[in-house]
Every structure is written in structure tokens, then in C-alpha cells.
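Asks: Next up, start_18.pdb (PDB, C-alpha atoms).
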MODEL        1
ATOM      1  CA  MET G   1      -0.811  -3.957 -19.560
ATOM      2  CA  PHE G   2      -2.985  -6.975 -20.297
ATOM      3  CA  GLN G   3      -0.740  -9.602 -18.645
ATOM      4  CA  ARG G   4      -2.605  -9.389 -15.367
ATOM      5  CA  ASN G   5      -6.029 -10.283 -16.809
ATOM      6  CA  GLY G   6      -5.126 -13.284 -18.917
ATOM      7  CA  ARG G   7      -4.504 -11.126 -22.000
ATOM      8  CA  SER G   8      -8.228 -10.667 -22.532
ATOM      9  CA  GLY G   9      -7.669  -7.204 -24.030
ATOM     10  CA  TYR G  10      -9.712  -5.200 -21.542
ATOM     11  CA  VAL G  11      -8.612  -3.556 -18.315
ATOM     12  CA  LEU G  12     -10.768  -1.264 -16.201
ATOM     13  CA  LYS G  13      -9.339   2.060 -15.185
ATOM     14  CA  PRO G  14      -8.450   2.188 -11.490
ATOM     15  CA  SER G  15     -11.365   3.262  -9.292
ATOM     16  CA  ALA G  16      -9.648   6.593  -8.545
ATOM     17  CA  LEU G  17     -10.107   7.527 -12.207
ATOM     18  CA  ARG G  18     -13.646   6.124 -12.571
ATOM     19  CA  ILE G  19     -15.428   7.749  -9.657
ATOM     20  CA  PRO G  20     -16.712  11.319 -10.070
ATOM     21  CA  HIS G  21     -15.208  12.525  -6.775
ATOM     22  CA  LYS G  22     -11.466  13.011  -7.338
ATOM     23  CA  GLY G  23     -10.526  12.890  -3.651
ATOM     24  CA  LEU G  24      -8.497   9.712  -4.162
ATOM     25  CA  LEU G  25      -6.218  11.606  -6.532
ATOM     26  CA  SER G  26      -5.082  13.810  -3.679
ATOM     27  CA  SER G  27      -4.149  10.758  -1.599
ATOM     28  CA  ARG G  28      -0.433  10.044  -1.974
ATOM     29  CA  THR G  29       1.410   7.179  -0.298
ATOM     30  CA  LYS G  30       5.155   6.548  -0.256
ATOM     31  CA  HIS G  31       6.541   3.114  -1.086
ATOM     32  CA  PHE G  32       9.773   1.273  -1.845
ATOM     33  CA  LEU G  33      10.376  -1.316  -4.505
ATOM     34  CA  ASP G  34      12.935  -3.765  -3.147
ATOM     35  CA  VAL G  35      14.555  -5.827  -5.885
ATOM     36  CA  THR G  36      17.450  -8.253  -5.722
ATOM     37  CA  ILE G  37      19.213  -8.653  -9.046
ATOM     38  CA  ILE G  38      20.888 -12.043  -8.902
ATOM     39  CA  SER G  39      22.256 -13.015 -12.305
ATOM     40  CA  ALA G  40      21.695 -13.402 -16.026
ATOM     41  CA  GLN G  41      22.510 -16.123 -18.496
ATOM     42  CA  GLN G  42      23.779 -16.046 -22.068
ATOM     43  CA  LEU G  43      23.337 -12.365 -22.832
ATOM     44  CA  PRO G  44      23.426 -11.591 -26.539
ATOM     45  CA  ARG G  45      26.289  -9.759 -28.146
ATOM     46  CA  PRO G  46      25.478  -6.343 -29.566
ATOM     47  CA  LYS G  47      24.157  -6.361 -33.135
ATOM     48  CA  ASP G  48      24.769  -4.022 -36.051
ATOM     49  CA  SER G  49      22.069  -2.324 -38.126
ATOM     50  CA  SER G  50      21.550  -5.447 -40.247
ATOM     51  CA  GLY G  51      21.024  -7.683 -37.194
ATOM     52  CA  ARG G  52      24.406  -9.457 -37.244
ATOM     53  CA  GLU G  53      26.449  -9.873 -34.098
ATOM     54  CA  ILE G  54      29.379  -7.502 -33.708
ATOM     55  CA  ILE G  55      32.332  -9.817 -33.223
ATOM     56  CA  ASP G  56      35.166  -7.305 -32.766
ATOM     57  CA  LYS G  57      34.395  -7.301 -29.040
ATOM     58  CA  SER G  58      33.028 -10.711 -28.239
ATOM     59  CA  ILE G  59      32.757 -10.174 -24.480
ATOM     60  CA  ILE G  60      30.374  -7.601 -22.999
ATOM     61  CA  ASP G  61      30.409  -5.704 -19.705
ATOM     62  CA  PRO G  62      26.737  -5.804 -18.630
ATOM     63  CA  PHE G  63      24.767  -3.975 -15.966
ATOM     64  CA  ILE G  64      21.058  -3.866 -15.145
ATOM     65  CA  GLU G  65      19.066  -0.636 -15.025
ATOM     66  CA  VAL G  66      15.807  -0.844 -13.079
ATOM     67  CA  SER G  67      13.452   2.082 -13.607
ATOM     68  CA  ILE G  68       9.996   2.882 -12.292
ATOM     69  CA  HIS G  69       7.691   4.949 -14.488
ATOM     70  CA  VAL G  70       5.163   6.798 -12.309
ATOM     71  CA  PRO G  71       2.268   8.796 -13.811
ATOM     72  CA  ASP G  72       2.000  12.344 -12.507
ATOM     73  CA  TRP G  73      -1.584  12.955 -11.354
ATOM     74  CA  THR G  74      -0.855  16.308  -9.702
ATOM     75  CA  HIS G  75      -2.017  18.542 -12.546
ATOM     76  CA  PRO G  76      -5.331  19.370 -14.241
ATOM     77  CA  PRO G  77      -7.626  17.729 -15.295
ATOM     78  CA  PHE G  78      -6.856  15.122 -12.615
ATOM     79  CA  LEU G  79      -6.329  17.511  -9.727
ATOM     80  CA  HIS G  80      -7.857  20.980  -9.780
ATOM     81  CA  GLU G  81      -5.259  23.768  -9.883
ATOM     82  CA  SER G  82      -6.613  25.383  -6.742
ATOM     83  CA  ALA G  83      -6.444  22.137  -4.745
ATOM     84  CA  ASN G  84      -4.477  22.694  -1.605
ATOM     85  CA  VAL G  85      -4.625  19.194  -0.204
ATOM     86  CA  ALA G  86      -1.808  17.923   1.954
ATOM     87  CA  GLY G  87       0.543  15.943  -0.250
ATOM     88  CA  ALA G  88      -1.026  17.208  -3.484
ATOM     89  CA  ILE G  89       1.982  19.291  -4.454
ATOM     90  CA  HIS G  90       4.820  17.026  -5.346
ATOM     91  CA  SER G  91       8.480  17.369  -6.048
ATOM     92  CA  PRO G  92      10.090  14.336  -7.662
ATOM     93  CA  PRO G  93      12.657  12.343  -5.684
ATOM     94  CA  ILE G  94      16.357  12.884  -6.277
ATOM     95  CA  GLY G  95      17.406  11.005  -9.392
ATOM     96  CA  ALA G  96      13.952  11.147 -10.974
ATOM     97  CA  THR G  97      13.545  12.395 -14.488
ATOM     98  CA  VAL G  98      10.374  14.356 -15.171
ATOM     99  CA  THR G  99       8.994  14.050 -18.682
ATOM    100  CA  ASN G 100       6.371  16.720 -19.302
ATOM    101  CA  ALA G 101       5.168  15.332 -22.636
ATOM    102  CA  THR G 102       3.852  12.174 -21.013
ATOM    103  CA  SER G 103       3.343  13.678 -17.584
ATOM    104  CA  ALA G 104       5.347  10.976 -15.839
ATOM    105  CA  ARG G 105       8.400  10.561 -13.667
ATOM    106  CA  LYS G 106      11.125   8.002 -14.203
ATOM    107  CA  ILE G 107      13.140   6.854 -11.213
ATOM    108  CA  SER G 108      16.165   4.764 -12.196
ATOM    109  CA  TYR G 109      18.800   2.809 -10.346
ATOM    110  CA  ARG G 110      21.458   0.520 -11.732
ATOM    111  CA  THR G 111      23.669  -2.323 -10.658
ATOM    112  CA  SER G 112      27.418  -2.358 -10.872
ATOM    113  CA  VAL G 113      29.088  -3.502 -14.093
ATOM    114  CA  VAL G 114      30.237  -7.108 -14.401
ATOM    115  CA  LYS G 115      33.433  -6.992 -16.452
ATOM    116  CA  ASN G 116      34.019  -9.406 -19.331
ATOM    117  CA  ASN G 117      31.110 -11.730 -18.619
ATOM    118  CA  GLY G 118      28.036 -11.812 -20.827
ATOM    119  CA  PHE G 119      27.653 -15.578 -20.489
ATOM    120  CA  ASN G 120      26.692 -15.765 -16.808
ATOM    121  CA  PRO G 121      27.140 -12.428 -14.999
ATOM    122  CA  VAL G 122      26.355 -12.464 -11.273
ATOM    123  CA  TRP G 123      25.413  -9.272  -9.426
ATOM    124  CA  GLN G 124      23.690 -10.377  -6.216
ATOM    125  CA  GLU G 125      22.750  -6.740  -5.559
ATOM    126  CA  GLU G 126      19.786  -5.347  -3.693
ATOM    127  CA  LEU G 127      18.158  -2.186  -5.002
ATOM    128  CA  ARG G 128      15.710  -0.117  -2.948
ATOM    129  CA  ILE G 129      13.816   2.293  -5.167
ATOM    130  CA  PRO G 130      11.576   4.928  -3.529
ATOM    131  CA  PHE G 131       8.400   5.991  -5.293
ATOM    132  CA  ASP G 132       5.025   7.452  -4.459
ATOM    133  CA  CYS G 133       1.606   6.243  -5.516
ATOM    134  CA  VAL G 134      -1.479   8.381  -6.007
ATOM    135  CA  GLY G 135      -4.882   6.895  -5.232
ATOM    136  CA  ASN G 136      -3.445   3.378  -4.825
ATOM    137  CA  MET G 137      -3.095   3.117  -8.626
ATOM    138  CA  LYS G 138      -0.179   0.661  -8.691
ATOM    139  CA  ASP G 139      -1.503  -0.877 -11.912
ATOM    140  CA  LEU G 140      -0.492   2.298 -13.773
ATOM    141  CA  ILE G 141       3.072   2.297 -12.443
ATOM    142  CA  PHE G 142       5.492   0.325 -14.599
ATOM    143  CA  VAL G 143       8.809  -1.301 -13.730
ATOM    144  CA  ARG G 144      11.379  -1.718 -16.490
ATOM    145  CA  PHE G 145      14.446  -3.963 -16.311
ATOM    146  CA  ALA G 146      17.028  -3.201 -19.004
ATOM    147  CA  VAL G 147      20.284  -5.049 -19.582
ATOM    148  CA  LYS G 148      22.800  -2.576 -20.919
ATOM    149  CA  GLN G 149      26.438  -2.579 -21.858
ATOM    150  CA  ALA G 150      28.980  -0.438 -20.026
ATOM    151  CA  ASP G 151      30.324   2.515 -22.016
ATOM    152  CA  LYS G 152      27.232   2.302 -24.257
ATOM    153  CA  GLU G 153      24.506   3.405 -21.839
ATOM    154  CA  ASP G 154      22.788   5.530 -24.496
ATOM    155  CA  ASP G 155      22.506   2.643 -26.991
ATOM    156  CA  GLU G 156      19.470   0.383 -27.129
ATOM    157  CA  PRO G 157      19.449  -2.176 -24.302
ATOM    158  CA  LEU G 158      20.655  -5.699 -25.018
ATOM    159  CA  ALA G 159      17.474  -7.035 -23.436
ATOM    160  CA  LEU G 160      14.544  -5.648 -21.480
ATOM    161  CA  TYR G 161      11.423  -6.569 -19.511
ATOM    162  CA  CYS G 162       8.606  -4.242 -18.503
ATOM    163  CA  ALA G 163       5.650  -5.022 -16.255
ATOM    164  CA  SER G 164       2.960  -3.223 -14.340
ATOM    165  CA  LEU G 165       3.813  -2.883 -10.658
ATOM    166  CA  GLY G 166       0.336  -4.225  -9.857
ATOM    167  CA  SER G 167       1.039  -7.444 -11.766
ATOM    168  CA  LEU G 168       4.286  -8.274  -9.965
ATOM    169  CA  GLN G 169       4.043 -10.816  -7.176
ATOM    170  CA  HIS G 170       5.323  -9.797  -3.775
ATOM    171  CA  GLY G 171       8.056 -11.706  -1.977
ATOM    172  CA  LYS G 172       8.574 -14.359  -4.646
ATOM    173  CA  TRP G 173      11.642 -15.447  -6.544
ATOM    174  CA  ARG G 174      11.147 -15.152 -10.277
ATOM    175  CA  HIS G 175      12.999 -15.978 -13.404
ATOM    176  CA  ASP G 176      11.895 -13.362 -15.919
ATOM    177  CA  ARG G 177      12.654 -13.775 -19.573
ATOM    178  CA  LEU G 178      13.770 -10.569 -21.171
ATOM    179  CA  CYS G 179      12.957  -9.510 -24.700
ATOM    180  CA  LEU G 180      16.125  -9.651 -26.705
ATOM    181  CA  HIS G 181      16.611  -6.884 -29.199
ATOM    182  CA  ALA G 182      17.454  -7.775 -32.761
ATOM    183  CA  PHE G 183      18.448  -4.739 -34.771
TER
ENDMDL
END
Could I get this file's structure written as C-alpha cells?
Replies:
Amino acid sequence: MFQRNGRSGYVLKPSALRIPHKGLLSSRTKHFLDVTIISAQQLPRPKDSSGREIIDKSIIDPFIEVSIHVPDWTHPPFLHESANVAGAIHSPPIGATVTNATSARKISYRTSVVKNNGFNPVWQEELRIPFDCVGNMKDLIFVRFAVKQADKEDDEPLALYCASLGSLQHGKWRHDRLCLHAF
């Protein structure tokens, strides 16, 4: 959250949440996140509970899962229950997972699996992920890149990177370092 302000430890709420008039919260715009997943290098082998590499299968079959976590501002106290503003009532896109506890939606897409190559897997795949944004609050939408192993989708990711959509640069090539999990 603090990457975009030099890690100073303070970030203002978006203006839509600071102003007394909540009209911006009824403004919804549709967007697409276009991402090209090119490759990875030297992915770690899975680790056991003590943090040692599991050697019985030394080669992994990786894929990348890209997910967008969108806050849901369509309920009280953010939007009054009786609000009947165009676009205020929302149904999540196909493939989205609604989590009521955090009042957010998760929209996930994944690449194909690269078989037997954890050293330098190449995907060269373009993903187009639809999402909506309320009140132009892109700083509160997060994008998560998770490197996972085929046939173990429910396990912890091998590596991951998460950033605010507002802090990502548009139209630039990037080499993002992922956090590697040590169990």
C-alpha cells in the first residue's frame, strides 16, 4: 500500500471516501487490465514444513495466476440502501469470487502450464481481465501475481507479488521480483 508514496507510512483515502457527498461512490466505470506474462527464471522447488526442498520431484510444472481484488462499495455505509442510481447495483463478472467477509470481489485468470520447466518457463501469454472501478479509486484495487504448481493449485504459491493497481505503470515492460515462500 505504501510503495507508491516512497514508503512514508501515510496514504490519504481516495477523495471519493473523504468528501461528505457520496455521489462518486455511485459512479462506476468498466476497465480491462491487459497483462502479458512472458517468462520466469529459476523458480524454487516446493518446500516441506521445515523449509527444506522436496527433492522427490525436482522439476515443477508452473503456471501464473493473476487476480484482481476489487472492493465492493455497493452496500451501506458507502452507498445508501435506497440508492437507485444507474450502475449502483452490481453483479460480479463471470469467474469472480465474492467474499462477503471482506466485501470484495476477486477476478482471477491463469496462464497455461509449462511442463517440466521451473528453471526458465516461457508463457508469452496475454491476459485481458475485466473489472469495474467505483469512484475512480484504482489505488484500492490490488493485482496479485502468484506462481503456482500444476496439480497443487490449492497449496501455497511458490512465489507471489501484489501491488496496488494505482501504483502500476501503464504501457511499460517490467521485471517484477516475486516474494519466494519459505515454509
Asks: Report, in Å with one decimal, the straight-line distance from CA of Ser167 in chain G to CA of Ala146 in chain G.
Replies: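 Distance reported for this atom pair: 18.1 Å.
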Asks: How close does each residue of range 108-176 of chain G get to range 43-51 of chain G, giving the shortest atom pair and distance in Å to one decimal for every residue with an atom at most 9 Å away, counting all atoms listed in the file, sorted by chain and residue number, as CSV?
Replies:
residue,atom,partner,partner_atom,distance
G:Asn117,CA,G:Leu43,CA,8.9
G:Gly118,CA,G:Leu43,CA,5.1
G:Phe119,CA,G:Leu43,CA,5.9
G:Asn120,CA,G:Leu43,CA,7.7
G:Pro121,CA,G:Leu43,CA,8.7
G:Val147,CA,G:Leu43,CA,8.6
G:Gln149,CA,G:Pro46,CA,8.6
G:Leu158,CA,G:Pro46,CA,6.7
G:Ala159,CA,G:Leu43,CA,7.9
Asks: For each of G:Asp151, G:Asp34, G:Glu156, G:Asp132, take the minimum atom-to-atom distance to Pro62 in chain G, counting only C-alpha atoms, then give the residue where this is smallest.
Replies: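 Distance minimum relative to Pro62 in chain G lands on G:Asp151.
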Asks: I'd like the interatomic distance between CA of Ser112 in chain G and CA of Phe63 in chain G, to a tenth of an Å.
Replies: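 Those two atoms sit 6.0 Å apart.
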Asks: In Å, rounded to a single decimal, give me how far CA of Glu153 in chain G is from CA of Ser67 in chain G.
Replies: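 The value is 13.8 Å.
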Asks: For Ala16 in chain G, please output as a list of chain:residue names all residues within 8 Å (counting only C-alpha atoms; exclusion window: fewer than 6 positions along the same chain).
Replies: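 Near neighbours after the sequence-gap exclusion: G:Lys22, G:Leu24, G:Leu25, G:Gly135, G:Asn136, G:Met137.
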Asks: Go through G:Arg28, G:Lys138, G:His69, G:Arg52 one by one, measure the shortest atom-to-atom distance of each to Leu168 in chain G using only C-alpha atoms, and give the residue with the smallest value.
Replies: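 Selected residue with least distance to Leu168 in chain G: G:Lys138.
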Asks: Could you tell me, as a list in words, exactly which residues end up selected when the PyMOL selection byres ((chain G and resi 126) around 7) is applied to this structure?
Replies: Val35, Thr36, Ile37, Gln124, Glu125, Leu127 and Arg128 of chain G
Asks: When the PyMOL selection byres ((chain G and resi 68) around 7) is applied to the structure above, which residues does it catch, written out as a PyMOL selection string?
Replies: chain G and resi 66-67+69-70+106-108+141-144
Asks: Which of these residues is nearest to Val113 in chain G, using only C-alpha atoms: G:Val11, G:Glu53, G:Val134, G:Lys152?
Replies: G:Lys152
Asks: Nearest to Glu65 in chain G: which of G:Arg105, G:Val122, G:Thr29, G:Phe145 is it, counting all atoms listed in the file?
Replies: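 Closest residue, counting all atoms listed in the file: G:Phe145.
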Asks: For a quick check of understanding, using all atoms listed in the file, which of G:Ala104, G:Val114, G:Ile64, G:Cys133 has the smallest distance to Tyr161 in chain G?
Replies: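 Closest candidate: G:Ile64.
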Asks: Nearest residue to Pro130 in chain G out of G:Arg7, G:His31, G:His21, G:Lys13, using all atoms listed in the file?
Replies: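 Distance minimum relative to Pro130 in chain G lands on G:His31.
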